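S.K.: This is target.cif, which holds mmCIF, C-alpha atoms and all ligand atoms:
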```cif
data_my_file
#
loop_
_atom_site.group_PDB
_atom_site.id
_atom_site.type_symbol
_atom_site.label_atom_id
_atom_site.label_comp_id
_atom_site.auth_asym_id
_atom_site.auth_seq_id
_atom_site.Cartn_x
_atom_site.Cartn_y
_atom_site.Cartn_z
ATOM 1 C CA MET D 64 0.000 0.000 0.000
ATOM 2 C CA SER D 65 1.369 3.355 -0.922
ATOM 3 C CA ASP D 66 -0.644 6.162 -2.434
ATOM 4 C CA SER D 67 -0.106 9.868 -2.363
ATOM 5 C CA ASP D 68 -1.018 10.388 1.276
ATOM 6 C CA THR D 69 -1.173 6.973 2.971
ATOM 7 C CA TRP D 70 1.891 4.800 3.378
ATOM 8 C CA ARG D 71 3.552 2.387 5.784
ATOM 9 C CA PHE D 72 6.730 1.899 7.716
ATOM 10 C CA VAL D 73 7.650 -1.173 9.757
ATOM 11 C CA HIS D 74 9.483 -1.462 13.070
ATOM 12 C CA VAL D 75 11.338 -4.716 13.603
ATOM 13 C CA THR D 76 13.732 -5.346 16.466
ATOM 14 C CA ASP D 77 15.850 -7.964 18.225
ATOM 15 C CA ILE D 78 16.205 -10.269 15.242
ATOM 16 C CA HIS D 79 19.398 -11.808 16.722
ATOM 17 C CA LEU D 80 20.532 -13.660 13.626
ATOM 18 C CA GLY D 81 23.885 -14.901 14.953
ATOM 19 C CA SER D 82 26.337 -17.142 13.135
ATOM 20 C CA THR D 83 27.263 -20.806 12.889
ATOM 21 C CA GLU D 84 30.855 -19.667 13.512
ATOM 22 C CA SER D 85 29.940 -18.701 17.077
ATOM 23 C CA TYR D 86 30.120 -20.679 20.333
ATOM 24 C CA ARG D 87 26.327 -20.416 20.343
ATOM 25 C CA PHE D 88 23.759 -20.420 17.593
ATOM 26 C CA ASN D 89 20.023 -20.872 17.288
ATOM 27 C CA PRO D 90 18.752 -21.575 13.775
ATOM 28 C CA ALA D 91 15.182 -20.909 14.925
ATOM 29 C CA PHE D 92 16.024 -17.198 15.138
ATOM 30 C CA GLY D 93 17.082 -17.150 11.484
ATOM 31 C CA GLU D 94 14.041 -19.127 10.403
ATOM 32 C CA ASN D 95 11.796 -16.684 12.263
ATOM 33 C CA TRP D 96 13.550 -13.820 10.519
ATOM 34 C CA GLU D 97 12.856 -15.375 7.132
ATOM 35 C CA THR D 98 9.169 -15.609 8.067
ATOM 36 C CA ALA D 99 9.162 -11.973 9.176
ATOM 37 C CA ALA D 100 11.009 -10.931 6.020
ATOM 38 C CA GLU D 101 8.385 -12.580 3.816
ATOM 39 C CA GLN D 102 5.595 -10.841 5.714
ATOM 40 C CA ILE D 103 7.382 -7.476 5.570
ATOM 41 C CA ARG D 104 7.982 -7.776 1.824
ATOM 42 C CA ALA D 105 4.283 -8.466 1.302
ATOM 43 C CA LEU D 106 3.434 -5.244 3.127
ATOM 44 C CA ALA D 107 5.734 -3.221 0.853
ATOM 45 C CA PRO D 108 6.518 -0.522 3.417
ATOM 46 C CA ASP D 109 8.356 2.608 2.351
ATOM 47 C CA LEU D 110 11.044 1.924 4.934
ATOM 48 C CA LEU D 111 12.081 -0.351 7.755
ATOM 49 C CA LEU D 112 13.229 0.747 11.216
ATOM 50 C CA VAL D 113 15.508 -1.831 12.839
ATOM 51 C CA GLY D 114 15.696 -1.386 16.598
ATOM 52 C CA GLY D 115 18.999 -3.075 17.371
ATOM 53 C CA ASP D 116 20.194 -6.506 18.406
ATOM 54 C CA ILE D 117 20.565 -7.497 14.790
ATOM 55 C CA THR D 118 23.286 -9.934 15.937
ATOM 56 C CA ARG D 119 23.463 -12.561 18.662
ATOM 57 C CA ASP D 120 26.969 -11.580 19.792
ATOM 58 C CA GLY D 121 28.132 -8.677 17.668
ATOM 59 C CA ASN D 122 29.833 -7.370 20.811
ATOM 60 C CA LEU D 123 32.205 -10.371 20.577
ATOM 61 C CA HIS D 124 32.120 -11.312 16.888
ATOM 62 C CA ALA D 125 32.245 -8.439 14.421
ATOM 63 C CA TYR D 126 31.660 -10.918 11.578
ATOM 64 C CA GLU D 127 28.064 -11.402 12.728
ATOM 65 C CA PHE D 128 27.218 -7.957 11.393
ATOM 66 C CA ASP D 129 27.950 -9.129 7.856
ATOM 67 C CA ARG D 130 25.219 -11.772 7.910
ATOM 68 C CA SER D 131 22.747 -9.346 9.474
ATOM 69 C CA ARG D 132 23.504 -6.620 6.961
ATOM 70 C CA ALA D 133 23.095 -9.069 4.077
ATOM 71 C CA ALA D 134 19.756 -10.289 5.475
ATOM 72 C CA LEU D 135 18.439 -6.753 5.804
ATOM 73 C CA ASP D 136 19.721 -5.712 2.381
ATOM 74 C CA ALA D 137 18.016 -8.768 0.859
ATOM 75 C CA LEU D 138 14.633 -7.293 1.750
ATOM 76 C CA GLY D 139 15.031 -4.656 -0.909
ATOM 77 C CA ILE D 140 13.509 -2.050 1.427
ATOM 78 C CA PRO D 141 15.443 0.972 2.747
ATOM 79 C CA TRP D 142 16.361 0.228 6.371
ATOM 80 C CA HIS D 143 17.674 2.345 9.222
ATOM 81 C CA CYS D 144 19.164 0.792 12.328
ATOM 82 C CA VAL D 145 20.330 1.651 15.839
ATOM 83 C CA PRO D 146 22.693 -0.523 17.922
ATOM 84 C CA GLY D 147 21.421 -2.938 20.529
ATOM 85 C CA ASN D 148 23.248 -4.170 23.580
ATOM 86 C CA MET D 149 24.147 -7.521 22.009
ATOM 87 C CA ASP D 150 25.548 -5.675 18.994
ATOM 88 C CA THR D 151 27.700 -3.453 21.207
ATOM 89 C CA GLY D 152 27.440 -3.619 25.005
ATOM 90 C CA ASN D 153 25.085 -3.042 27.899
ATOM 91 C CA LYS D 154 23.848 -0.130 29.944
ATOM 92 C CA HIS D 155 26.679 1.026 32.200
ATOM 93 C CA THR D 156 26.972 -0.025 35.803
ATOM 94 C CA ASP D 157 29.653 0.855 38.355
ATOM 95 C CA ARG D 158 29.058 -2.332 40.335
ATOM 96 C CA GLN D 159 28.410 -6.022 39.879
ATOM 97 C CA GLY D 160 24.738 -6.988 39.911
ATOM 98 C CA ALA D 161 22.787 -9.653 41.713
ATOM 99 C CA ARG D 162 23.283 -12.413 39.144
ATOM 100 C CA ASP D 163 26.381 -14.551 39.467
ATOM 101 C CA ASP D 164 26.006 -15.984 35.943
ATOM 102 C CA ARG D 165 27.141 -12.715 34.357
ATOM 103 C CA ASP D 166 29.882 -10.133 34.798
ATOM 104 C CA ASP D 167 27.970 -6.872 34.589
ATOM 105 C CA LEU D 168 31.008 -4.591 34.641
ATOM 106 C CA ALA D 169 32.536 -6.480 31.722
ATOM 107 C CA CYS D 170 29.257 -6.049 29.802
ATOM 108 C CA ASN D 171 29.418 -2.215 29.914
ATOM 109 C CA VAL D 172 29.286 -0.868 26.374
ATOM 110 C CA THR D 173 32.641 0.466 25.167
ATOM 111 C CA GLU D 174 33.675 3.047 22.610
ATOM 112 C CA ALA D 175 35.433 0.324 20.608
ATOM 113 C CA GLN D 176 32.207 -1.685 20.362
ATOM 114 C CA LEU D 177 30.302 1.375 19.173
ATOM 115 C CA GLN D 178 32.987 2.024 16.580
ATOM 116 C CA THR D 179 32.759 -1.555 15.301
ATOM 117 C CA TYR D 180 29.021 -1.069 14.855
ATOM 118 C CA ARG D 181 29.662 2.159 12.927
ATOM 119 C CA ASP D 182 32.252 0.465 10.741
ATOM 120 C CA LYS D 183 29.981 -2.473 9.963
ATOM 121 C CA ILE D 184 26.499 -0.951 9.887
ATOM 122 C CA GLY D 185 26.554 2.852 9.997
ATOM 123 C CA PRO D 186 26.062 5.907 12.214
ATOM 124 C CA THR D 187 24.742 5.492 15.754
ATOM 125 C CA THR D 188 22.777 8.743 15.453
ATOM 126 C CA TRP D 189 20.787 9.815 12.425
ATOM 127 C CA SER D 190 17.760 11.878 11.429
ATOM 128 C CA PHE D 191 15.943 12.401 8.151
ATOM 129 C CA VAL D 192 12.529 13.360 6.790
ATOM 130 C CA HIS D 193 10.499 10.988 4.637
ATOM 131 C CA ARG D 194 7.195 12.139 3.158
ATOM 132 C CA GLY D 195 6.639 14.709 5.865
ATOM 133 C CA VAL D 196 7.563 12.489 8.839
ATOM 134 C CA ARG D 197 10.852 12.941 10.686
ATOM 135 C CA PHE D 198 12.676 9.748 11.644
ATOM 136 C CA SER D 199 15.549 9.787 14.135
ATOM 137 C CA GLY D 200 17.549 7.074 15.850
ATOM 138 C CA CYS D 201 20.162 6.803 18.574
ATOM 139 C CA TYR D 202 21.633 4.349 21.078
ATOM 140 C CA GLU D 203 20.039 6.189 23.975
ATOM 141 C CA ILE D 204 21.378 4.021 26.795
ATOM 142 C CA ILE D 205 24.835 5.613 26.571
ATOM 143 C CA ALA D 206 23.394 8.965 27.742
ATOM 144 C CA ASP D 207 25.195 10.290 30.831
ATOM 145 C CA THR D 208 28.100 7.846 30.524
ATOM 146 C CA THR D 209 31.698 9.053 30.164
ATOM 147 C CA LEU D 210 31.996 7.643 26.645
ATOM 148 C CA PRO D 211 32.982 10.114 23.906
ATOM 149 C CA SER D 212 29.900 8.878 22.048
ATOM 150 C CA ALA D 213 27.749 10.132 24.933
ATOM 151 C CA ARG D 214 29.083 13.653 24.379
ATOM 152 C CA ALA D 215 28.373 13.262 20.686
ATOM 153 C CA LEU D 216 24.851 12.099 21.583
ATOM 154 C CA ASP D 217 24.328 15.246 23.678
ATOM 155 C CA ALA D 218 25.407 17.444 20.780
ATOM 156 C CA TRP D 219 23.219 15.501 18.361
ATOM 157 C CA LEU D 220 20.193 15.863 20.657
ATOM 158 C CA GLN D 221 20.771 19.601 20.943
ATOM 159 C CA ASN D 222 20.966 19.920 17.197
ATOM 160 C CA LEU D 223 17.842 17.775 16.728
ATOM 161 C CA ALA D 224 15.749 20.530 18.291
ATOM 162 C CA THR D 225 16.942 22.965 15.616
ATOM 163 C CA LEU D 226 15.940 20.832 12.616
ATOM 164 C CA PRO D 227 12.780 21.604 10.625
ATOM 165 C CA ARG D 228 9.688 20.416 12.515
ATOM 166 C CA CYS D 229 7.289 17.776 11.250
ATOM 167 C CA ALA D 230 3.845 16.994 12.662
ATOM 168 C CA GLN D 231 5.112 13.456 13.400
ATOM 169 C CA HIS D 232 8.597 12.623 14.653
ATOM 170 C CA VAL D 233 9.486 8.963 15.239
ATOM 171 C CA MET D 234 12.452 8.209 17.509
ATOM 172 C CA LEU D 235 14.079 4.761 17.277
ATOM 173 C CA ASN D 236 15.823 3.458 20.430
ATOM 174 C CA HIS D 237 16.923 0.064 21.686
ATOM 175 C CA TYR D 238 16.188 0.142 25.425
ATOM 176 C CA PRO D 239 12.793 1.279 26.656
ATOM 177 C CA LEU D 240 13.237 4.475 28.655
ATOM 178 C CA PHE D 241 11.188 3.011 31.540
ATOM 179 C CA THR D 242 9.411 -0.151 32.542
ATOM 180 C CA ASP D 243 6.253 1.304 34.100
ATOM 181 C CA THR D 244 6.122 5.108 33.729
ATOM 182 C CA PRO D 245 8.519 7.973 32.939
ATOM 183 C CA ASP D 246 8.619 8.528 36.706
ATOM 184 C CA ASP D 247 10.043 5.081 37.505
ATOM 185 C CA PRO D 248 12.408 5.186 40.501
ATOM 186 C CA PRO D 249 16.106 4.261 40.278
ATOM 187 C CA ARG D 250 16.635 0.529 39.789
ATOM 188 C CA ASP D 251 19.090 -1.434 41.923
ATOM 189 C CA ILE D 252 21.260 -3.864 39.979
ATOM 190 C CA THR D 253 22.240 -5.585 43.253
ATOM 191 C CA ASP D 254 18.612 -6.362 44.165
ATOM 192 C CA PRO D 255 17.814 -9.881 42.892
ATOM 193 C CA SER D 256 14.126 -9.046 42.472
ATOM 194 C CA GLY D 257 14.913 -5.767 40.708
ATOM 195 C CA TYR D 258 17.742 -6.887 38.453
ATOM 196 C CA LEU D 259 15.588 -7.148 35.326
ATOM 197 C CA ASP D 260 13.992 -3.764 35.946
ATOM 198 C CA TRP D 261 17.543 -2.384 35.988
ATOM 199 C CA TYR D 262 18.605 -4.375 32.940
ATOM 200 C CA PHE D 263 15.625 -3.493 30.772
ATOM 201 C CA SER D 264 15.306 0.295 31.190
ATOM 202 C CA ALA D 265 17.119 3.629 31.580
ATOM 203 C CA GLU D 266 17.780 5.269 34.934
ATOM 204 C CA PRO D 267 15.870 8.428 35.969
ATOM 205 C CA ALA D 268 18.522 11.077 35.209
ATOM 206 C CA PRO D 269 19.382 10.028 31.632
ATOM 207 C CA ARG D 270 15.726 9.136 31.026
ATOM 208 C CA ARG D 271 14.536 12.599 31.982
ATOM 209 C CA LYS D 272 17.286 14.195 29.909
ATOM 210 C CA LEU D 273 16.336 12.121 26.868
ATOM 211 C CA ILE D 274 12.615 12.780 27.257
ATOM 212 C CA GLU D 275 13.211 16.518 27.560
ATOM 213 C CA ALA D 276 15.449 16.458 24.487
ATOM 214 C CA TYR D 277 12.870 14.434 22.566
ATOM 215 C CA ARG D 278 10.152 16.862 23.605
ATOM 216 C CA SER D 279 12.275 19.822 22.477
ATOM 217 C CA ALA D 280 12.664 18.107 19.108
ATOM 218 C CA GLY D 281 8.923 17.456 18.763
ATOM 219 C CA VAL D 282 9.185 13.667 19.066
ATOM 220 C CA THR D 283 5.747 12.049 18.937
ATOM 221 C CA HIS D 284 6.623 8.328 18.957
ATOM 222 C CA VAL D 285 9.426 6.491 20.793
ATOM 223 C CA LEU D 286 10.019 2.973 19.483
ATOM 224 C CA SER D 287 12.060 0.516 21.547
ATOM 225 C CA GLY D 288 13.043 -3.138 21.661
ATOM 226 C CA HIS D 289 15.345 -5.018 24.054
ATOM 227 C CA ILE D 290 12.701 -6.582 26.291
ATOM 228 C CA HIS D 291 11.316 -8.970 23.663
ATOM 229 C CA CYS D 292 7.792 -8.419 24.957
ATOM 230 C CA ARG D 293 5.420 -6.175 23.067
ATOM 231 C CA ARG D 294 3.055 -3.787 24.778
ATOM 232 C CA PRO D 295 0.244 -1.736 23.250
ATOM 233 C CA PRO D 296 1.469 1.857 22.811
ATOM 234 C CA LEU D 297 1.512 3.938 25.991
ATOM 235 C CA ASN D 298 0.929 7.682 25.968
ATOM 236 C CA PHE D 299 2.648 9.859 28.553
ATOM 237 C CA GLU D 300 2.681 13.636 28.327
ATOM 238 C CA GLY D 301 1.821 13.556 24.641
ATOM 239 C CA MET D 302 4.465 11.054 23.547
ATOM 240 C CA ASN D 303 3.617 7.532 22.378
ATOM 241 C CA TYR D 304 5.929 4.795 23.659
ATOM 242 C CA CYS D 305 5.869 1.613 21.580
ATOM 243 C CA PHE D 306 7.552 -1.400 23.182
ATOM 244 C CA GLY D 307 8.258 -3.726 20.273
ATOM 245 C CA ALA D 308 8.221 -7.496 19.943
ATOM 246 C CA SER D 309 11.272 -9.536 18.976
ATOM 247 C CA THR D 310 11.178 -11.769 15.918
ATOM 248 C CA ALA D 311 13.651 -14.208 17.507
ATOM 249 C CA PHE D 312 12.474 -15.200 20.990
ATOM 250 C CA ALA D 313 10.309 -13.894 23.852
ATOM 251 C CA GLN D 314 11.354 -12.668 27.300
ATOM 252 C CA TRP D 315 9.747 -11.213 30.428
ATOM 253 C CA LYS D 316 6.298 -12.501 29.501
ATOM 254 C CA ASP D 317 4.742 -11.940 32.902
ATOM 255 C CA ARG D 318 6.064 -8.474 33.700
ATOM 256 C CA TRP D 319 2.943 -6.536 32.617
ATOM 257 C CA SER D 320 -0.755 -7.328 32.445
ATOM 258 C CA ASP D 321 -0.777 -5.965 28.868
ATOM 259 C CA GLY D 322 2.424 -7.744 27.810
ATOM 260 C CA ASP D 323 2.225 -9.753 24.586
ATOM 261 C CA ALA D 324 4.918 -12.405 24.224
ATOM 262 C CA ARG D 325 4.115 -13.280 20.622
ATOM 263 C CA LEU D 326 6.904 -12.859 18.103
ATOM 264 C CA GLY D 327 6.419 -10.388 15.293
ATOM 265 C CA PHE D 328 6.813 -6.737 14.332
ATOM 266 C CA GLN D 329 5.025 -3.408 14.344
ATOM 267 C CA VAL D 330 3.317 -1.884 11.306
ATOM 268 C CA PHE D 331 2.700 1.864 11.200
ATOM 269 C CA THR D 332 0.369 3.434 8.661
ATOM 270 C CA VAL D 333 0.847 7.141 8.039
ATOM 271 C CA THR D 334 -2.305 8.983 7.001
ATOM 272 C CA PRO D 335 -3.137 12.676 6.749
ATOM 273 C CA ASP D 336 -4.576 12.366 10.267
ATOM 274 C CA GLY D 337 -1.575 10.799 12.005
ATOM 275 C CA ILE D 338 0.068 7.414 12.468
ATOM 276 C CA ASP D 339 -1.905 4.219 13.070
ATOM 277 C CA TYR D 340 -0.277 1.268 14.814
ATOM 278 C CA ARG D 341 -0.839 -2.436 14.569
ATOM 279 C CA PHE D 342 1.091 -5.529 15.566
ATOM 280 C CA GLU D 343 1.736 -8.276 13.056
ATOM 281 C CA PRO D 344 2.568 -11.627 14.652
ATOM 282 C CA LEU D 345 4.773 -14.096 12.808
ATOM 283 C CA SER D 346 2.622 -16.342 10.641
ATOM 284 C CA HIS D 347 4.774 -19.295 11.682
ATOM 285 C CA VAL D 348 7.126 -19.693 14.651
ATOM 286 C CA SER D 349 10.093 -21.992 14.168
ATOM 287 C CA THR D 350 10.168 -25.171 16.243
ATOM 288 C CA ARG D 351 13.811 -25.970 15.481
ATOM 289 C CA THR D 352 15.752 -27.121 18.509
ATOM 290 C CA ASP D 353 19.087 -27.923 16.871
ATOM 291 C CA GLY D 354 20.945 -24.894 18.186
ATOM 292 C CA TRP D 355 23.815 -24.868 20.638
ATOM 293 C CA GLY D 356 25.319 -22.833 23.483
ATOM 294 C CA PRO D 357 23.916 -20.907 26.451
ATOM 295 C CA GLY D 358 21.582 -17.890 26.489
ATOM 296 C CA GLY D 359 21.980 -14.539 28.236
ATOM 297 C CA HIS D 360 25.360 -12.927 28.839
ATOM 298 C CA PRO D 361 27.689 -15.873 29.536
ATOM 299 C CA LYS D 362 30.994 -15.290 31.247
ATOM 300 C CA PRO D 363 34.034 -16.175 29.076
ATOM 301 C CA GLU D 364 34.392 -19.628 30.628
ATOM 302 C CA ALA D 365 30.799 -20.434 29.596
ATOM 303 C CA ARG D 366 31.308 -19.381 25.984
ATOM 304 C CA ARG D 367 31.973 -22.916 24.835
ATOM 305 C CA VAL D 368 29.688 -25.547 23.527
HETATM 306 FE FE FE N 401 17.568 -8.508 22.222
#
```
What is this file in structure tokens?
M.R.:
Amino acid sequence: MSDSDTWRFVHVTDIHLGSTESYRFNPAFGENWETAAEQIRALAPDLLLVGGDITRDGNLHAYEFDRSRAALDALGIPWHCVPGNMDTGNKHTDRQGARDDRDDLACNVTEAQLQTYRDKIGPTTWSFVHRGVRFSGCYEIIADTTLPSARALDAWLQNLATLPRCAQHVMLNHYPLFTDTPDDPPRDITDPSGYLDWYFSAEPAPRRKLIEAYRSAGVTHVLSGHIHCRRPPLNFEGMNYCFGASTAFAQWKDRWSDGDARLGFQVFTVTPDGIDYRFEPLSHVSTRTDGWGPGGHPKPEARRV
């Protein structure tokens, strides 16, 4: 569908393709991607927003980006991507968390990882206008860190507010800015019952800074991934927050009463009146079980089959 004033864009995230060269691989994720790709092609969107985690372990294996890039290029649809934490590294912490199966400090995203992403995929901040809608993307979770890229993010956000305004402005992120509301309290990585709340969202200071910057830039929609559990769009203070589904596998199914653990992607239809949202579940979910290796963020000694 695409006529003079009604057209679509698609948001897909956490496709986690991975590689058979890795210490871990799950062919079901690739099969699910192929299903999603077929469905996306049939929709013929103008463009595709890819919300990060295009690799399984791009933070360890730069070669994984090549397969992901080829898979996205094969769609034949213009695509625009932001990094995810498995492509680069995690939200920063200054202390070890409650889980002894991972080394949280070693998972902190580094400048070198961000540079590898840039070398392999492209910029980590971008903004453009397509048919009267502004689209922007950034790896928001680095805000307020000491990374040089965080200073570049600040400058980019400042500049964003000076760009020509559009009635609709879609911001692509990887992490959700919050788990419950924009007023979520600080999360404690050392609290076993709060670890996932820490892991899956931004902390109050960078969150507030990002929201204020987005507001100054006229952002109307904030699209995120990372949690692998879709939620119907939430509206807070005039901004729509869309927590997207993964195409690869589900997580955190029981966190919210409105959580939807189905795999799939988000379809946005732009009309003269605004942007309509719908979720498209995968038409078929892979049942392959012939993968190998552990999940999560294994310590080096666990990165063997
Ligand atoms: Fe992910």
S.K.: Name the closest residue to ligand FE 401 (chain N) among the candidates D:Ile252, D:Cys229, D:Leu168, D:Ala308; distances are taken between atoms, counting only C-alpha atoms and all ligand atoms.
M.R.: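 Residue with the minimum atom-to-atom distance to ligand FE 401 (chain N): D:Ala308.
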S.K.: Expanded to explicit residues, what is the PyMOL selection byres (((chain D and resi 189-191) around 9) and not hetatm) for this file, as a PDB file with C-alpha atoms, keeping the file's coordinate frame?
M.R.:
```
ATOM      1  CA  HIS D 143      17.674   2.345   9.222  1.00  0.00           C
ATOM      2  CA  VAL D 145      20.330   1.651  15.839  1.00  0.00           C
ATOM      3  CA  PRO D 186      26.062   5.907  12.214  1.00  0.00           C
ATOM      4  CA  THR D 187      24.742   5.492  15.754  1.00  0.00           C
ATOM      5  CA  THR D 188      22.777   8.743  15.453  1.00  0.00           C
ATOM      6  CA  VAL D 192      12.529  13.360   6.790  1.00  0.00           C
ATOM      7  CA  HIS D 193      10.499  10.988   4.637  1.00  0.00           C
ATOM      8  CA  VAL D 196       7.563  12.489   8.839  1.00  0.00           C
ATOM      9  CA  ARG D 197      10.852  12.941  10.686  1.00  0.00           C
ATOM     10  CA  PHE D 198      12.676   9.748  11.644  1.00  0.00           C
ATOM     11  CA  SER D 199      15.549   9.787  14.135  1.00  0.00           C
ATOM     12  CA  GLY D 200      17.549   7.074  15.850  1.00  0.00           C
ATOM     13  CA  CYS D 201      20.162   6.803  18.574  1.00  0.00           C
ATOM     14  CA  TRP D 219      23.219  15.501  18.361  1.00  0.00           C
ATOM     15  CA  LEU D 223      17.842  17.775  16.728  1.00  0.00           C
ATOM     16  CA  MET D 234      12.452   8.209  17.509  1.00  0.00           C
TER      17      MET D 234
END
```
S.K.: Which one of D:Arg130, D:His232, D:Arg250, D:His237 sits closest to ligand FE 401 (chain N) if you count only C-alpha atoms and all ligand atoms?
M.R.: D:His237
S.K.: Counting all atoms listed in the file, what are the residues of chain D within 9 Å of ligand FE 401 (chain N), and for each of them which pair of atoms is the nearest and at what distance in Å, to one decimal? Sort the table by chain and rising number, as CSV.
M.R.:
```
residue,atom,partner,partner_atom,distance
D:Thr76,CA,N:FE401,FE,7.6
D:Asp77,CA,N:FE401,FE,4.4
D:Ile78,CA,N:FE401,FE,7.3
D:His79,CA,N:FE401,FE,6.7
D:Gly115,CA,N:FE401,FE,7.4
D:Asp116,CA,N:FE401,FE,5.0
D:Ile117,CA,N:FE401,FE,8.1
D:Thr118,CA,N:FE401,FE,8.6
D:Arg119,CA,N:FE401,FE,8.0
D:Gly147,CA,N:FE401,FE,7.0
D:Asn148,CA,N:FE401,FE,7.3
D:Met149,CA,N:FE401,FE,6.7
D:His237,CA,N:FE401,FE,8.6
D:Gly288,CA,N:FE401,FE,7.0
D:His289,CA,N:FE401,FE,4.5
D:Ile290,CA,N:FE401,FE,6.6
D:His291,CA,N:FE401,FE,6.4
D:Ser309,CA,N:FE401,FE,7.2
D:Ala311,CA,N:FE401,FE,8.4
D:Phe312,CA,N:FE401,FE,8.5
```
S.K.: Please expand the PyMOL selection byres (((chain D and resi 213-218) around 10) and not hetatm) into the concrete residues it hits in this file, giving the result as a list in words.
M.R.: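 Listing what the PyMOL selection byres (((chain D and resi 213-218) around 10) and not hetatm) selects in the shown file: Glu174, Thr187, Thr188, Cys201, Tyr202, Glu203, Ile204, Ile205, Ala206, Asp207, Thr208, Thr209, Leu210, Pro211, Ser212, Trp219, Leu220, Gln221, Asn222, Leu223, Lys272, Leu273 and Ala276 of chain D.
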S.K.: So that I have them on file, write out the residues from the current selection with C-alpha atoms, as a tab-separated table (two decimals), in the frame of the given file.
M.R.:
```tsv
chain	number	residue	atom	x	y	z
D	174	GLU	CA	33.67	3.05	22.61
D	187	THR	CA	24.74	5.49	15.75
D	188	THR	CA	22.78	8.74	15.45
D	201	CYS	CA	20.16	6.80	18.57
D	202	TYR	CA	21.63	4.35	21.08
D	203	GLU	CA	20.04	6.19	23.98
D	204	ILE	CA	21.38	4.02	26.80
D	205	ILE	CA	24.84	5.61	26.57
D	206	ALA	CA	23.39	8.96	27.74
D	207	ASP	CA	25.20	10.29	30.83
D	208	THR	CA	28.10	7.85	30.52
D	209	THR	CA	31.70	9.05	30.16
D	210	LEU	CA	32.00	7.64	26.64
D	211	PRO	CA	32.98	10.11	23.91
D	212	SER	CA	29.90	8.88	22.05
D	219	TRP	CA	23.22	15.50	18.36
D	220	LEU	CA	20.19	15.86	20.66
D	221	GLN	CA	20.77	19.60	20.94
D	222	ASN	CA	20.97	19.92	17.20
D	223	LEU	CA	17.84	17.77	16.73
D	272	LYS	CA	17.29	14.20	29.91
D	273	LEU	CA	16.34	12.12	26.87
D	276	ALA	CA	15.45	16.46	24.49
```
S.K.: With a distance cut-off of 8 Å and only C-alpha atoms, select the neighbouring residues of Thr156 (chain D), excluding the residue or stretch itself and same-chain residues fewer than 3 positions from it, and output the selection as a count of residues only.
M.R.: 4
S.K.: Between D:Phe331, D:Leu123, D:Asp166, D:Val75, which one has atoms that come closest to Ala99 (chain D), using only C-alpha atoms?
M.R.: D:Val75
S.K.: Might you pull out every residue within 12 Å of region 182-184 of chain D, with all atoms listed in the file counted and same-chain residues fewer than 4 positions away left off, and present them as a ChimeraX atom specification?
M.R.: /D:113,115-118,121-122,124-133,135-136,142-147,150-151,175-178,188
S.K.: Between CA of Lys362 (chain D) and CA of Asp254 (chain D), what is the spacing in Å?
M.R.: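 About the pair CA of Asp254 (chain D) and CA of Lys362 (chain D): they are 20.0 Å apart.
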S.K.: Could I get the residues of region 128-178 of chain D with an atom no further than 9 Å from an atom of region 255-264 of chain D, each paired with its nearest atom pair and that distance in Å to one decimal, using all atoms listed in the file, sorted by chain and residue number, as CSV?
M.R.:
```
residue,atom,partner,partner_atom,distance
D:Asn153,CA,D:Tyr262,CA,8.3
D:Lys154,CA,D:Tyr262,CA,7.4
D:Gly160,CA,D:Tyr258,CA,7.1
D:Ala161,CA,D:Pro255,CA,5.1
D:Arg162,CA,D:Pro255,CA,7.1
```
S.K.: Please indicate the distance in Å from CA of Pro245 (chain D) to CA of Leu286 (chain D), rounded to one decimal place.
M.R.: 14.4 Å
S.K.: Taking 5 positions as the minimum chain separation for residues in the same chain, which residues sit within 12 Å of Trp70 (chain D) when counting only C-alpha atoms? Answer as a list in words.
M.R.: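 The filter keeps Met64, Ser65, Leu106, Ala107, Pro108, Asp109, Leu110, His193, Arg194, Gly195, Val196, Val330, Phe331, Thr332, Val333, Thr334, Pro335, Gly337, Ile338 and Asp339 of chain D.
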S.K.: Name the residues that the PyMOL selection byres (((chain D and resi 292-305) around 9) and not hetatm) picks from the file above, as a PyMOL selection string, using the file's chain letters and numbers.
M.R.: chain D and resi 239-240+244-245+278+282-291+306-309+313-316+318-319+321-329+340-342
